[in-house]
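Here is entry.cif, consisting of mmCIF, C-alpha atoms and all ligand atoms:
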```cif
data_data
loop_
_atom_site.label_atom_id
_atom_site.label_comp_id
_atom_site.auth_asym_id
_atom_site.auth_seq_id
_atom_site.Cartn_x
_atom_site.Cartn_y
_atom_site.Cartn_z
CA MET B 1 0.88 5.74 -22.27
CA PRO B 2 0.18 7.00 -18.72
CA HIS B 3 -0.55 4.48 -16.02
CA ARG B 4 -4.17 3.98 -15.04
CA ILE B 5 -4.58 3.26 -11.34
CA ILE B 6 -7.90 2.75 -9.62
CA CYS B 7 -8.74 2.85 -5.93
CA ILE B 8 -11.79 0.84 -4.88
CA ASP B 9 -13.32 1.83 -1.54
CA MET B 10 -16.45 0.19 -0.15
CA ASP B 11 -19.15 2.54 1.05
CA ALA B 12 -19.81 2.58 4.81
CA PHE B 13 -18.28 -0.87 4.82
CA TYR B 14 -19.28 -2.44 8.17
CA VAL B 15 -22.77 -1.02 7.79
CA SER B 16 -23.06 -2.20 4.17
CA VAL B 17 -22.13 -5.74 5.22
CA GLU B 18 -24.80 -5.70 7.93
CA GLN B 19 -27.36 -4.34 5.49
CA ALA B 20 -26.47 -6.96 2.90
CA PHE B 21 -27.26 -9.65 5.49
CA LYS B 22 -30.37 -7.83 6.74
CA PRO B 23 -31.85 -5.84 3.85
CA TYR B 24 -34.57 -4.35 6.09
CA LEU B 25 -31.81 -2.20 7.62
CA LYS B 26 -31.15 -0.46 4.31
CA LYS B 27 -31.79 3.28 4.02
CA ARG B 28 -31.97 3.62 7.81
CA PRO B 29 -29.74 5.72 10.09
CA LEU B 30 -27.53 2.88 11.26
CA ALA B 31 -24.25 2.73 13.15
CA VAL B 32 -21.91 -0.18 13.77
CA GLY B 33 -20.20 0.10 17.15
CA GLY B 34 -21.38 1.53 20.46
CA SER B 35 -24.82 1.86 21.96
CA ARG B 36 -27.06 4.71 23.00
CA ASP B 37 -25.17 5.21 26.26
CA ARG B 38 -21.60 4.12 25.66
CA GLY B 39 -18.96 3.25 23.10
CA VAL B 40 -17.70 4.61 19.81
CA VAL B 41 -19.18 4.56 16.31
CA CYS B 42 -16.94 2.53 13.94
CA THR B 43 -18.90 3.66 10.92
CA CYS B 44 -22.42 4.70 10.06
CA SER B 45 -24.78 4.75 7.09
CA TYR B 46 -24.98 7.77 4.84
CA GLU B 47 -28.47 8.41 6.25
CA ALA B 48 -26.87 8.80 9.70
CA ARG B 49 -24.08 10.98 8.30
CA LYS B 50 -26.72 13.57 7.36
CA PHE B 51 -27.09 14.22 11.10
CA GLY B 52 -23.37 14.89 11.44
CA ILE B 53 -22.52 11.43 12.77
CA HIS B 54 -19.17 9.96 11.72
CA SER B 55 -16.58 7.26 12.48
CA GLY B 56 -14.82 7.69 15.80
CA MET B 57 -17.64 9.73 17.34
CA SER B 58 -18.91 8.84 20.80
CA SER B 59 -22.10 6.86 20.25
CA ARG B 60 -23.85 8.83 22.99
CA VAL B 61 -23.24 12.00 20.98
CA ALA B 62 -24.48 10.15 17.89
CA TYR B 63 -27.66 9.18 19.72
CA ASN B 64 -28.25 12.78 20.77
CA LEU B 65 -27.84 13.92 17.17
CA CYS B 66 -30.21 11.26 15.87
CA PRO B 67 -32.40 9.46 18.44
CA ASP B 68 -33.74 7.16 15.68
CA ILE B 69 -30.30 5.70 15.04
CA ILE B 70 -29.96 1.91 15.22
CA PHE B 71 -26.77 0.60 16.80
CA MET B 72 -25.38 -2.75 15.66
CA PRO B 73 -22.57 -4.60 17.46
CA VAL B 74 -19.25 -5.01 15.66
CA ASP B 75 -18.87 -8.40 13.96
CA SER B 76 -15.26 -8.26 12.78
CA LYS B 77 -15.16 -11.88 11.58
CA LYS B 78 -17.99 -11.21 9.15
CA TYR B 79 -16.32 -8.06 7.78
CA VAL B 80 -12.95 -9.76 7.31
CA LYS B 81 -14.58 -12.72 5.54
CA THR B 82 -16.61 -10.43 3.26
CA SER B 83 -13.53 -8.35 2.48
CA LYS B 84 -11.50 -11.45 1.58
CA ASP B 85 -14.34 -12.79 -0.58
CA ILE B 86 -14.78 -9.50 -2.44
CA PHE B 87 -11.08 -9.02 -3.19
CA SER B 88 -10.53 -12.63 -4.12
CA LEU B 89 -13.40 -12.46 -6.61
CA LEU B 90 -12.03 -9.20 -8.05
CA SER B 91 -8.57 -10.72 -8.34
CA LYS B 92 -10.03 -13.26 -10.76
CA MET B 93 -11.10 -10.54 -13.16
CA LEU B 94 -8.30 -8.00 -12.69
CA PRO B 95 -4.50 -7.90 -12.67
CA LYS B 96 -2.75 -7.99 -9.31
CA ILE B 97 -4.79 -6.24 -6.64
CA THR B 98 -3.03 -4.47 -3.79
CA VAL B 99 -5.37 -4.63 -0.82
CA SER B 100 -4.58 -1.67 1.43
CA SER B 101 -7.21 -2.03 4.15
CA ILE B 102 -10.27 -4.07 5.01
CA ASP B 103 -12.37 -2.20 2.45
CA GLU B 104 -9.90 -0.65 0.04
CA ALA B 105 -7.68 -1.85 -2.78
CA TYR B 106 -5.65 -0.49 -5.67
CA VAL B 107 -5.37 -1.99 -9.12
CA ASP B 108 -3.16 -1.01 -12.03
CA ILE B 109 -5.55 -1.34 -14.98
CA THR B 110 -3.11 0.05 -17.59
CA SER B 111 -2.84 -3.27 -19.40
CA ILE B 112 -6.59 -3.89 -19.70
CA ASN B 113 -7.90 -3.19 -23.15
CA MET B 114 -11.07 -1.38 -22.04
CA THR B 115 -11.91 2.18 -21.08
CA THR B 116 -11.46 3.15 -17.45
CA GLU B 117 -15.16 3.89 -17.19
CA HIS B 118 -16.11 0.48 -18.52
CA ILE B 119 -13.78 -1.32 -16.09
CA ILE B 120 -15.14 0.70 -13.17
CA LYS B 121 -18.73 -0.09 -14.09
CA ARG B 122 -17.96 -3.80 -14.32
CA ILE B 123 -16.31 -3.83 -10.90
CA LYS B 124 -19.21 -1.98 -9.31
CA TYR B 125 -21.67 -4.34 -10.99
CA VAL B 126 -19.88 -7.46 -9.75
CA ILE B 127 -19.58 -6.27 -6.14
CA LYS B 128 -23.23 -5.25 -6.07
CA LYS B 129 -24.44 -8.44 -7.72
CA TYR B 130 -22.50 -10.91 -5.59
CA PHE B 131 -22.29 -9.06 -2.28
CA ASP B 132 -25.09 -6.49 -2.42
CA ILE B 133 -22.57 -3.83 -1.45
CA THR B 134 -21.84 -0.54 -3.20
CA CYS B 135 -18.42 0.98 -3.58
CA THR B 136 -16.86 4.16 -4.89
CA ILE B 137 -13.97 4.08 -7.32
CA GLY B 138 -11.40 6.75 -8.12
CA ALA B 139 -9.07 6.61 -11.11
CA GLY B 140 -5.93 8.54 -11.96
CA PRO B 141 -2.32 8.28 -13.13
CA ASN B 142 -1.04 7.30 -9.66
CA LYS B 143 -2.30 6.02 -6.32
CA MET B 144 -2.55 9.46 -4.75
CA VAL B 145 -4.81 10.79 -7.49
CA ALA B 146 -6.90 7.59 -7.50
CA LYS B 147 -7.32 7.72 -3.73
CA MET B 148 -8.30 11.39 -3.68
CA ALA B 149 -10.70 10.78 -6.58
CA THR B 150 -12.68 8.32 -4.43
CA SER B 151 -13.70 11.22 -2.21
CA ILE B 152 -15.51 13.06 -5.01
CA ASN B 153 -18.62 11.03 -5.69
CA LYS B 154 -19.16 9.01 -2.54
CA PRO B 155 -21.24 6.90 -2.02
CA ASN B 156 -21.82 4.57 -4.96
CA GLY B 157 -20.03 6.78 -7.47
CA TYR B 158 -16.84 7.06 -9.43
CA TYR B 159 -14.56 9.80 -10.62
CA ILE B 160 -11.86 9.65 -13.26
CA VAL B 161 -8.93 12.09 -13.36
CA GLU B 162 -6.96 12.24 -16.60
CA GLU B 163 -3.19 12.62 -16.38
CA LYS B 164 -3.26 16.17 -17.76
CA ASP B 165 -5.67 17.24 -14.99
CA ALA B 166 -3.92 15.45 -12.11
CA VAL B 167 -1.98 18.44 -10.78
CA SER B 168 -4.91 20.88 -10.78
CA PHE B 169 -7.13 18.16 -9.31
CA LEU B 170 -4.75 17.63 -6.37
CA ASP B 171 -4.39 21.37 -5.87
CA SER B 172 -8.11 21.57 -5.13
CA PHE B 173 -7.54 19.75 -1.81
CA SER B 174 -6.28 21.25 1.41
CA LEU B 175 -2.98 19.91 2.74
CA SER B 176 -4.67 18.28 5.71
CA ASN B 177 -7.07 16.37 3.45
CA LEU B 178 -4.30 14.99 1.31
CA TRP B 179 -3.78 11.25 1.71
CA GLY B 180 -0.68 10.53 3.78
CA ILE B 181 -0.40 13.96 5.39
CA GLY B 182 -1.01 13.34 9.06
CA SER B 183 -1.20 16.07 11.65
CA LYS B 184 2.53 15.84 12.48
CA THR B 185 3.63 16.17 8.85
CA GLU B 186 1.18 18.98 8.32
CA ALA B 187 2.53 20.85 11.35
CA LYS B 188 6.08 20.48 10.04
CA LEU B 189 5.08 21.76 6.62
CA LEU B 190 3.22 24.73 8.11
CA GLU B 191 6.29 25.54 10.19
CA HIS B 192 8.24 25.84 6.96
CA GLY B 193 5.67 28.09 5.33
CA ILE B 194 4.10 25.36 3.21
CA PHE B 195 0.34 25.82 3.39
CA THR B 196 -1.03 24.37 0.16
CA VAL B 197 -0.54 21.36 -2.08
CA LYS B 198 0.83 23.67 -4.75
CA GLU B 199 3.43 25.06 -2.34
CA LEU B 200 4.31 21.50 -1.36
CA ARG B 201 5.04 20.65 -5.00
CA GLN B 202 7.01 23.86 -5.52
CA GLN B 203 9.53 22.77 -2.86
CA GLY B 204 10.89 20.08 -5.18
CA SER B 205 11.97 16.58 -4.30
CA GLU B 206 15.30 17.41 -2.63
CA LYS B 207 13.97 20.06 -0.30
CA LEU B 208 11.16 17.72 0.74
CA GLU B 209 13.71 14.99 1.40
CA GLN B 210 15.54 17.33 3.76
CA LEU B 211 12.28 18.15 5.48
CA LEU B 212 10.56 14.76 5.60
CA GLY B 213 13.30 12.19 4.97
CA VAL B 214 12.66 9.30 2.57
CA TYR B 215 8.96 10.14 2.58
CA GLY B 216 9.73 13.55 0.98
CA PRO B 217 10.46 12.39 -2.59
CA LYS B 218 7.55 9.96 -2.40
CA ILE B 219 5.05 12.64 -1.50
CA TYR B 220 6.62 14.93 -4.12
CA ASN B 221 6.06 12.35 -6.88
CA SER B 222 2.57 11.71 -5.57
CA VAL B 223 1.49 15.33 -5.76
CA CYS B 224 3.00 15.68 -9.23
CA GLY B 225 0.78 12.82 -10.40
CA ILE B 226 3.89 10.75 -11.17
CA TYR B 227 3.43 7.00 -11.14
CA GLU B 228 5.69 5.02 -8.82
CA GLU B 229 5.76 1.27 -8.78
CA ASP B 230 4.53 -0.33 -5.59
CA GLU B 231 7.21 -1.85 -3.43
CA GLU B 232 5.37 -5.16 -3.79
CA VAL B 233 5.13 -5.01 -7.58
CA LYS B 234 8.75 -3.92 -7.74
CA LEU B 235 9.85 -6.92 -5.73
CA ALA B 236 7.88 -9.39 -7.83
CA ASN B 237 9.64 -8.17 -10.96
CA LYS B 238 13.02 -7.53 -9.52
CA SER B 239 15.16 -8.43 -6.58
CA ILE B 240 16.20 -7.68 -3.02
CA SER B 241 19.79 -6.87 -2.21
CA LYS B 242 21.86 -5.43 0.59
CA ALA B 243 25.45 -4.26 0.46
CA THR B 244 28.11 -2.90 2.78
CA THR B 245 30.97 -0.61 1.84
CA PHE B 246 34.04 -0.73 4.04
CA ASP B 247 36.23 2.16 5.14
CA TYR B 248 39.23 -0.05 4.42
CA ASP B 249 39.95 -3.06 2.19
CA ILE B 250 39.09 -6.41 3.70
CA SER B 251 41.22 -9.40 2.92
CA SER B 252 40.30 -11.78 5.71
CA LYS B 253 37.91 -14.50 4.51
CA GLN B 254 36.34 -14.80 7.94
CA GLU B 255 35.61 -11.09 8.03
CA ILE B 256 33.99 -11.30 4.61
CA TYR B 257 31.89 -14.27 5.74
CA ASP B 258 30.78 -12.29 8.80
CA HIS B 259 29.55 -9.50 6.56
CA LEU B 260 27.89 -11.95 4.17
CA TYR B 261 26.07 -13.44 7.14
CA VAL B 262 24.72 -10.10 8.39
CA LEU B 263 23.66 -9.13 4.87
CA SER B 264 21.94 -12.51 4.45
CA GLU B 265 19.94 -11.85 7.60
CA LYS B 266 18.76 -8.51 6.24
CA VAL B 267 17.77 -9.98 2.88
CA SER B 268 15.92 -12.82 4.60
CA GLU B 269 13.99 -10.37 6.81
CA LYS B 270 12.79 -8.50 3.78
CA LEU B 271 11.75 -11.70 2.01
CA ILE B 272 9.77 -12.84 5.05
CA LEU B 273 8.15 -9.45 5.53
CA ASN B 274 6.97 -9.37 1.94
CA LYS B 275 6.08 -13.09 1.84
CA TYR B 276 8.48 -14.08 -0.92
CA LYS B 277 10.82 -16.96 -1.54
CA ALA B 278 13.73 -16.60 -3.94
CA THR B 279 15.19 -18.84 -6.62
CA ILE B 280 18.34 -16.92 -7.56
CA ILE B 281 21.23 -15.89 -5.35
CA THR B 282 23.50 -13.00 -6.28
CA VAL B 283 26.76 -11.78 -4.80
CA ASN B 284 28.58 -8.67 -5.86
CA TRP B 285 31.74 -7.06 -4.66
CA LYS B 286 34.16 -4.34 -5.51
CA THR B 287 37.88 -5.00 -5.31
CA PHE B 288 40.48 -2.64 -3.88
CA ARG B 289 41.19 -1.74 -7.53
CA PHE B 290 37.55 -0.68 -7.84
CA GLU B 291 36.69 -3.49 -10.24
CA ASN B 292 33.05 -4.55 -9.92
CA LYS B 293 32.21 -8.24 -9.87
CA SER B 294 28.73 -9.61 -9.93
CA LEU B 295 27.61 -13.25 -9.95
CA ARG B 296 24.28 -14.98 -9.88
CA LYS B 297 23.21 -18.58 -9.62
CA LYS B 298 19.85 -20.30 -9.97
CA ILE B 299 18.99 -22.55 -7.05
CA SER B 300 16.71 -25.52 -7.69
CA SER B 301 14.46 -25.18 -4.63
CA PRO B 302 13.08 -21.80 -3.46
CA PHE B 303 14.71 -20.45 -0.30
CA TYR B 304 14.27 -17.61 2.20
CA THR B 305 16.08 -18.32 5.50
CA HIS B 306 19.21 -16.35 6.32
CA LYS B 307 21.09 -19.63 6.72
CA ASP B 308 20.26 -20.72 3.17
CA ILE B 309 20.99 -17.28 1.73
CA PHE B 310 24.33 -17.24 3.52
CA LYS B 311 25.18 -20.80 2.42
CA TYR B 312 24.50 -20.06 -1.27
CA ALA B 313 26.18 -16.64 -1.16
CA LYS B 314 29.30 -18.10 0.48
CA HIS B 315 29.56 -20.87 -2.12
CA LEU B 316 29.17 -18.41 -4.94
CA PHE B 317 31.78 -16.11 -3.47
CA ASP B 318 34.27 -18.93 -2.66
CA ASP B 319 33.93 -20.56 -6.08
CA ASN B 320 35.09 -17.36 -7.69
CA ASN B 321 37.68 -16.19 -5.22
CA LYS B 322 40.25 -18.93 -4.98
CA GLY B 323 43.04 -16.41 -4.50
CA LEU B 324 41.37 -13.72 -2.43
CA VAL B 325 41.68 -10.13 -3.61
CA PRO B 326 41.00 -7.46 -0.97
CA VAL B 327 37.48 -6.10 -1.25
CA ARG B 328 35.99 -2.65 -0.69
CA LEU B 329 32.31 -3.52 -0.89
CA ILE B 330 30.29 -6.67 -0.66
CA GLY B 331 26.64 -7.29 -1.43
CA VAL B 332 24.19 -10.19 -1.22
CA GLY B 333 20.99 -10.35 -3.19
CA VAL B 334 18.15 -12.60 -4.24
CA ALA B 335 16.01 -12.59 -7.37
CA GLY B 336 13.49 -14.78 -9.14
CA LEU B 337 11.04 -14.02 -6.35
CA ILE B 338 7.93 -16.11 -5.88
CA GLU B 339 5.02 -15.03 -3.74
CA VAL B 340 3.96 -17.36 -0.97
CA GLU B 341 0.40 -17.34 0.29
CA GLU B 342 0.83 -18.09 3.98
CA ASN B 343 3.21 -16.48 6.47
CA ILE B 344 6.70 -17.94 6.32
P1 LIG B 401 -13.57 3.70 5.74
O1 LIG B 401 -13.42 3.24 4.34
O2 LIG B 401 -12.75 4.85 6.21
O3 LIG B 401 -15.09 4.13 5.99
P2 LIG B 401 -16.40 3.46 5.47
O4 LIG B 401 -16.17 2.38 4.48
O5 LIG B 401 -17.22 3.06 6.66
O6 LIG B 401 -17.15 4.71 4.81
P3 LIG B 401 -16.81 5.41 3.43
O7 LIG B 401 -18.06 5.25 2.63
O8 LIG B 401 -16.54 6.82 3.80
O9 LIG B 401 -15.63 4.72 2.83
O10 LIG B 401 -13.33 2.52 6.76
C1 LIG B 401 -13.64 1.17 6.45
C2 LIG B 401 -14.14 0.47 7.70
O11 LIG B 401 -13.18 0.55 8.73
C3 LIG B 401 -15.40 1.08 8.27
O12 LIG B 401 -16.58 0.57 7.66
C4 LIG B 401 -15.31 0.73 9.71
C5 LIG B 401 -13.83 0.66 10.00
N1 LIG B 401 -13.41 1.91 10.70
C6 LIG B 401 -13.39 1.90 12.10
O13 LIG B 401 -13.65 0.86 12.73
N2 LIG B 401 -13.03 3.05 12.76
C7 LIG B 401 -12.74 4.22 12.10
O14 LIG B 401 -12.45 5.25 12.71
C8 LIG B 401 -12.78 4.21 10.64
C9 LIG B 401 -12.45 5.46 9.88
C10 LIG B 401 -13.11 3.03 10.02
MG MG B 402 -14.88 2.71 2.83
#
```
Please lay out the structure from this file as structure tokens.
Ligand code: TTP
Ligand code: MG
Amino acid sequence: MPHRIICIDMDAFYVSVEQAFKPYLKKRPLAVGGSRDRGVVCTCSYEARKFGIHSGMSSRVAYNLCPDIIFMPVDSKKYVKTSKDIFSLLSKMLPKITVSSIDEAYVDITSINMTTEHIIKRIKYVIKKYFDITCTIGAGPNKMVAKMATSINKPNGYYIVEEKDAVSFLDSFSLSNLWGIGSKTEAKLLEHGIFTVKELRQQGSEKLEQLLGVYGPKIYNSVCGIYEEDEEVKLANKSISKATTFDYDISSKQEIYDHLYVLSEKVSEKLILNKYKATIITVNWKTFRFENKSLRKKISSPFYTHKDIFKYAKHLFDDNNKGLVPVRLIGVGVAGLIEVEENI
């Protein structure tokens, strides 16, 4: 069964929050940010967009385009609070939500036993009922398709792309409108004679890797409509590990410890960055005879500091290497990851 991913994007978010607090501002040309003589428009209502006003525009230009426009000051605290409240309510009715910005989130709804349309309608109903805010939802087999689908029926709409239609759907966009293609990437692609999404796909994963580095295969999968697990989801199910291969065999214990320490630091950084603690330590190594060894041990209290990782990895290694055999590669890993709410 193909994956079903949805992207939820609030309509004119800052403006919608203001209108929800002050309903008399609804259906008016309204901008948040700037004033009639200075500043920049953060966002504006769809009524104001009819005059050609948009995010990032000088508010003086906006005023000239629509002298009836109402400017509201930015109230970031209110928008952050509303965003948190919306996504925390949604997280009670949906599987793990990946919040990608103040007004946007992705959800993998594959496991929900309901049609995509039904789920979308429920989400829209809940956000409207509890927050008086409308949103637009896109659905597709991966995040790219879902994201692009949100642009079809904005505002207060939804659009569902089936897996079989994903490729032709993406081909209907210009390269510059594709999510994740910034002006630099676009320029590079144009330089190499790649002008359309179809041509981008035709390059294949390897060629795109040469051109764009690690981002190449990711964008290739995206434009093929192929589902890729989120880094975050991947981590929750799996593990983090780092390894070093040596140019020569190492038989000094101290040297091995030094490498274990550096690897522990890297693993710890990744845990902290992704707000996880671990409950399992793993160490793997390859001997000079190219035998692979891999060990894991459950630790009773969750850990994340490089000192703890190093301590557990060293014990695990020492306990199984009484008579040291020269090693070619050494790796440290953690598994049994648990999410932590606050920064660690
Ligand atoms: P967006 O989702 O890009 O825009 P939006 O929600 O206002 O409108 P749309 O209906 O097209 O989704 O951005 C979310 C919020 O981020 C937006 O309400 C205000 C803020 N923002 C800025 O402050 N500056 C900007 O340039 C943009 C694009 C957004
Ligand atoms: Mg939005």
- Query: Between CA of Glu18 in chain B and CA of Cys44 in chain B, what is the spacing in Å?
  - Reply: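 Separating CA of Cys44 in chain B from CA of Glu18 in chain B is a distance of 10.9 Å.
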- Task: Please extract the residues at most 7 Å from ligand MG 402 (chain B), counting all atoms listed in the file, and provide them as JSON, numbers by chain, using the chain letters and residue numbers of this document.
- Result: {"B": [9, 10, 11, 12, 13, 103, 104]}
- Message: Which residues are near ligand LIG 401 (chain B) in this structure, taking near to mean any atom at most 8 Å from a ligand atom and counting all atoms listed in the file? Format them as a list in words.
- Response: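 Counting all atoms listed in the file, the residues within 8 Å of ligand LIG 401 (chain B) come out as Asp9, Met10, Asp11, Ala12, Phe13, Tyr14, Val15, Ser16, Val32, Gly33, Val41, Cys42, Thr43, Cys44, Ser45, Tyr46, Ser55, Gly56, Ser101, Ile102, Asp103, Glu104, Cys135, Thr136, Ser151, Lys154 and Pro155 of chain B.
Computed from the coordinates, the CA of Arg4 in chain B to CA of Leu178 in chain B distance equals 19.7 Å.
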- Residue with smallest distance to Ile8 in chain B - pool B:Arg28, B:Tyr63, B:Tyr106, B:Ile53, counting only C-alpha atoms: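 Nearest candidate to Ile8 in chain B out of B:Arg28, B:Tyr63, B:Tyr106, B:Ile53: B:Tyr106.
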- From B:Thr185, B:Thr245, B:Asn153, B:Asn113, residue lying nearest Gly216 in chain B [all atoms listed in the file]: B:Thr185
- Note on the structure: In Å and to one decimal, CA of Gln210 in chain B is distant from CA of Asp230 in chain B by 22.8 Å
- Pick the closest to Ile280 in chain B from B:Lys238, B:Glu228, B:Ile256, B:Leu337: which is it, counting only C-alpha atoms?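 Smallest distance to Ile280 in chain B is found for B:Leu337.
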- Counting only C-alpha atoms, the option among B:Glu47, B:Asp108, B:Asp249, B:Asp165 closest to Phe290 in chain B: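 The shortest atom-to-atom distance to Phe290 in chain B comes from B:Asp249.
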- Which polymer residues have any atom within 6 Å of an atom of range 192-200 of chain B, counting all atoms listed in the file, with same-chain residues fewer than 2 positions away left out, as a PyMOL selection string? chain B and resi 171+175+189-190+202-203
From the block I gave, I'd like range 88-156 of chain B written with C-alpha atoms, as a PDB file, in the first residue's frame.
```
ATOM      1  CA  SER B  88      -0.916  19.834  20.076  1.00  0.00           C
ATOM      2  CA  LEU B  89      -4.656  19.350  19.600  1.00  0.00           C
ATOM      3  CA  LEU B  90      -4.068  17.677  16.219  1.00  0.00           C
ATOM      4  CA  SER B  91      -1.450  15.407  17.742  1.00  0.00           C
ATOM      5  CA  LYS B  92      -4.169  13.985  19.994  1.00  0.00           C
ATOM      6  CA  MET B  93      -6.180  12.812  17.014  1.00  0.00           C
ATOM      7  CA  LEU B  94      -3.407  11.869  14.575  1.00  0.00           C
ATOM      8  CA  PRO B  95      -0.217   9.802  14.530  1.00  0.00           C
ATOM      9  CA  LYS B  96       3.071  11.623  14.999  1.00  0.00           C
ATOM     10  CA  ILE B  97       2.949  15.109  13.522  1.00  0.00           C
ATOM     11  CA  THR B  98       6.101  16.658  12.095  1.00  0.00           C
ATOM     12  CA  VAL B  99       5.759  20.401  12.546  1.00  0.00           C
ATOM     13  CA  SER B 100       7.852  22.082   9.859  1.00  0.00           C
ATOM     14  CA  SER B 101       7.115  25.756  10.478  1.00  0.00           C
ATOM     15  CA  ILE B 102       4.886  27.990  12.563  1.00  0.00           C
ATOM     16  CA  ASP B 103       1.864  27.170  10.396  1.00  0.00           C
ATOM     17  CA  GLU B 104       2.721  23.941   8.621  1.00  0.00           C
ATOM     18  CA  ALA B 105       2.957  20.269   9.544  1.00  0.00           C
ATOM     19  CA  TYR B 106       3.170  16.866   7.901  1.00  0.00           C
ATOM     20  CA  VAL B 107       1.411  13.727   9.022  1.00  0.00           C
ATOM     21  CA  ASP B 108       1.740  10.165   7.761  1.00  0.00           C
ATOM     22  CA  ILE B 109      -1.886   9.003   7.740  1.00  0.00           C
ATOM     23  CA  THR B 110      -1.183   5.609   6.110  1.00  0.00           C
ATOM     24  CA  SER B 111      -2.177   3.679   9.213  1.00  0.00           C
ATOM     25  CA  ILE B 112      -5.516   5.440   9.751  1.00  0.00           C
ATOM     26  CA  ASN B 113      -8.445   3.359   8.666  1.00  0.00           C
ATOM     27  CA  MET B 114     -10.354   6.175   6.947  1.00  0.00           C
ATOM     28  CA  THR B 115     -10.284   7.730   3.500  1.00  0.00           C
ATOM     29  CA  THR B 116      -7.855  10.580   2.940  1.00  0.00           C
ATOM     30  CA  GLU B 117     -10.754  12.888   2.177  1.00  0.00           C
ATOM     31  CA  HIS B 118     -12.514  12.021   5.416  1.00  0.00           C
ATOM     32  CA  ILE B 119      -9.368  12.618   7.494  1.00  0.00           C
ATOM     33  CA  ILE B 120      -8.762  15.958   5.786  1.00  0.00           C
ATOM     34  CA  LYS B 121     -12.321  17.101   6.428  1.00  0.00           C
ATOM     35  CA  ARG B 122     -12.063  16.178  10.101  1.00  0.00           C
ATOM     36  CA  ILE B 123      -8.821  18.106  10.521  1.00  0.00           C
ATOM     37  CA  LYS B 124     -10.244  21.176   8.812  1.00  0.00           C
ATOM     38  CA  TYR B 125     -13.386  20.935  10.946  1.00  0.00           C
ATOM     39  CA  VAL B 126     -11.434  20.731  14.208  1.00  0.00           C
ATOM     40  CA  ILE B 127      -9.127  23.661  13.417  1.00  0.00           C
ATOM     41  CA  LYS B 128     -12.066  25.814  12.362  1.00  0.00           C
ATOM     42  CA  LYS B 129     -14.203  24.837  15.339  1.00  0.00           C
ATOM     43  CA  TYR B 130     -11.591  25.334  18.054  1.00  0.00           C
ATOM     44  CA  PHE B 131      -9.479  28.128  16.569  1.00  0.00           C
ATOM     45  CA  ASP B 132     -11.710  29.762  13.963  1.00  0.00           C
ATOM     46  CA  ILE B 133      -8.889  29.401  11.457  1.00  0.00           C
ATOM     47  CA  THR B 134      -9.001  27.822   8.011  1.00  0.00           C
ATOM     48  CA  CYS B 135      -6.255  25.754   6.501  1.00  0.00           C
ATOM     49  CA  THR B 136      -5.437  24.070   3.224  1.00  0.00           C
ATOM     50  CA  ILE B 137      -4.359  20.454   3.072  1.00  0.00           C
ATOM     51  CA  GLY B 138      -2.461  18.594   0.363  1.00  0.00           C
ATOM     52  CA  ALA B 139      -2.163  14.817   0.214  1.00  0.00           C
ATOM     53  CA  GLY B 140       0.134  12.542  -1.757  1.00  0.00           C
ATOM     54  CA  PRO B 141       2.495   9.565  -1.579  1.00  0.00           C
ATOM     55  CA  ASN B 142       5.386  11.668  -0.209  1.00  0.00           C
ATOM     56  CA  LYS B 143       6.066  15.026   1.407  1.00  0.00           C
ATOM     57  CA  MET B 144       6.957  16.756  -1.849  1.00  0.00           C
ATOM     58  CA  VAL B 145       3.665  15.830  -3.497  1.00  0.00           C
ATOM     59  CA  ALA B 146       1.693  16.707  -0.347  1.00  0.00           C
ATOM     60  CA  LYS B 147       3.412  20.084  -0.067  1.00  0.00           C
ATOM     61  CA  MET B 148       2.872  20.966  -3.729  1.00  0.00           C
ATOM     62  CA  ALA B 149      -0.753  19.830  -3.463  1.00  0.00           C
ATOM     63  CA  THR B 150      -1.403  22.500  -0.808  1.00  0.00           C
ATOM     64  CA  SER B 151      -0.844  25.146  -3.468  1.00  0.00           C
ATOM     65  CA  ILE B 152      -3.752  23.971  -5.620  1.00  0.00           C
ATOM     66  CA  ASN B 153      -6.867  24.948  -3.716  1.00  0.00           C
ATOM     67  CA  LYS B 154      -5.735  27.688  -1.377  1.00  0.00           C
ATOM     68  CA  PRO B 155      -7.341  29.091   0.749  1.00  0.00           C
ATOM     69  CA  ASN B 156      -9.590  26.768   2.741  1.00  0.00           C
TER      70      ASN B 156
END
```
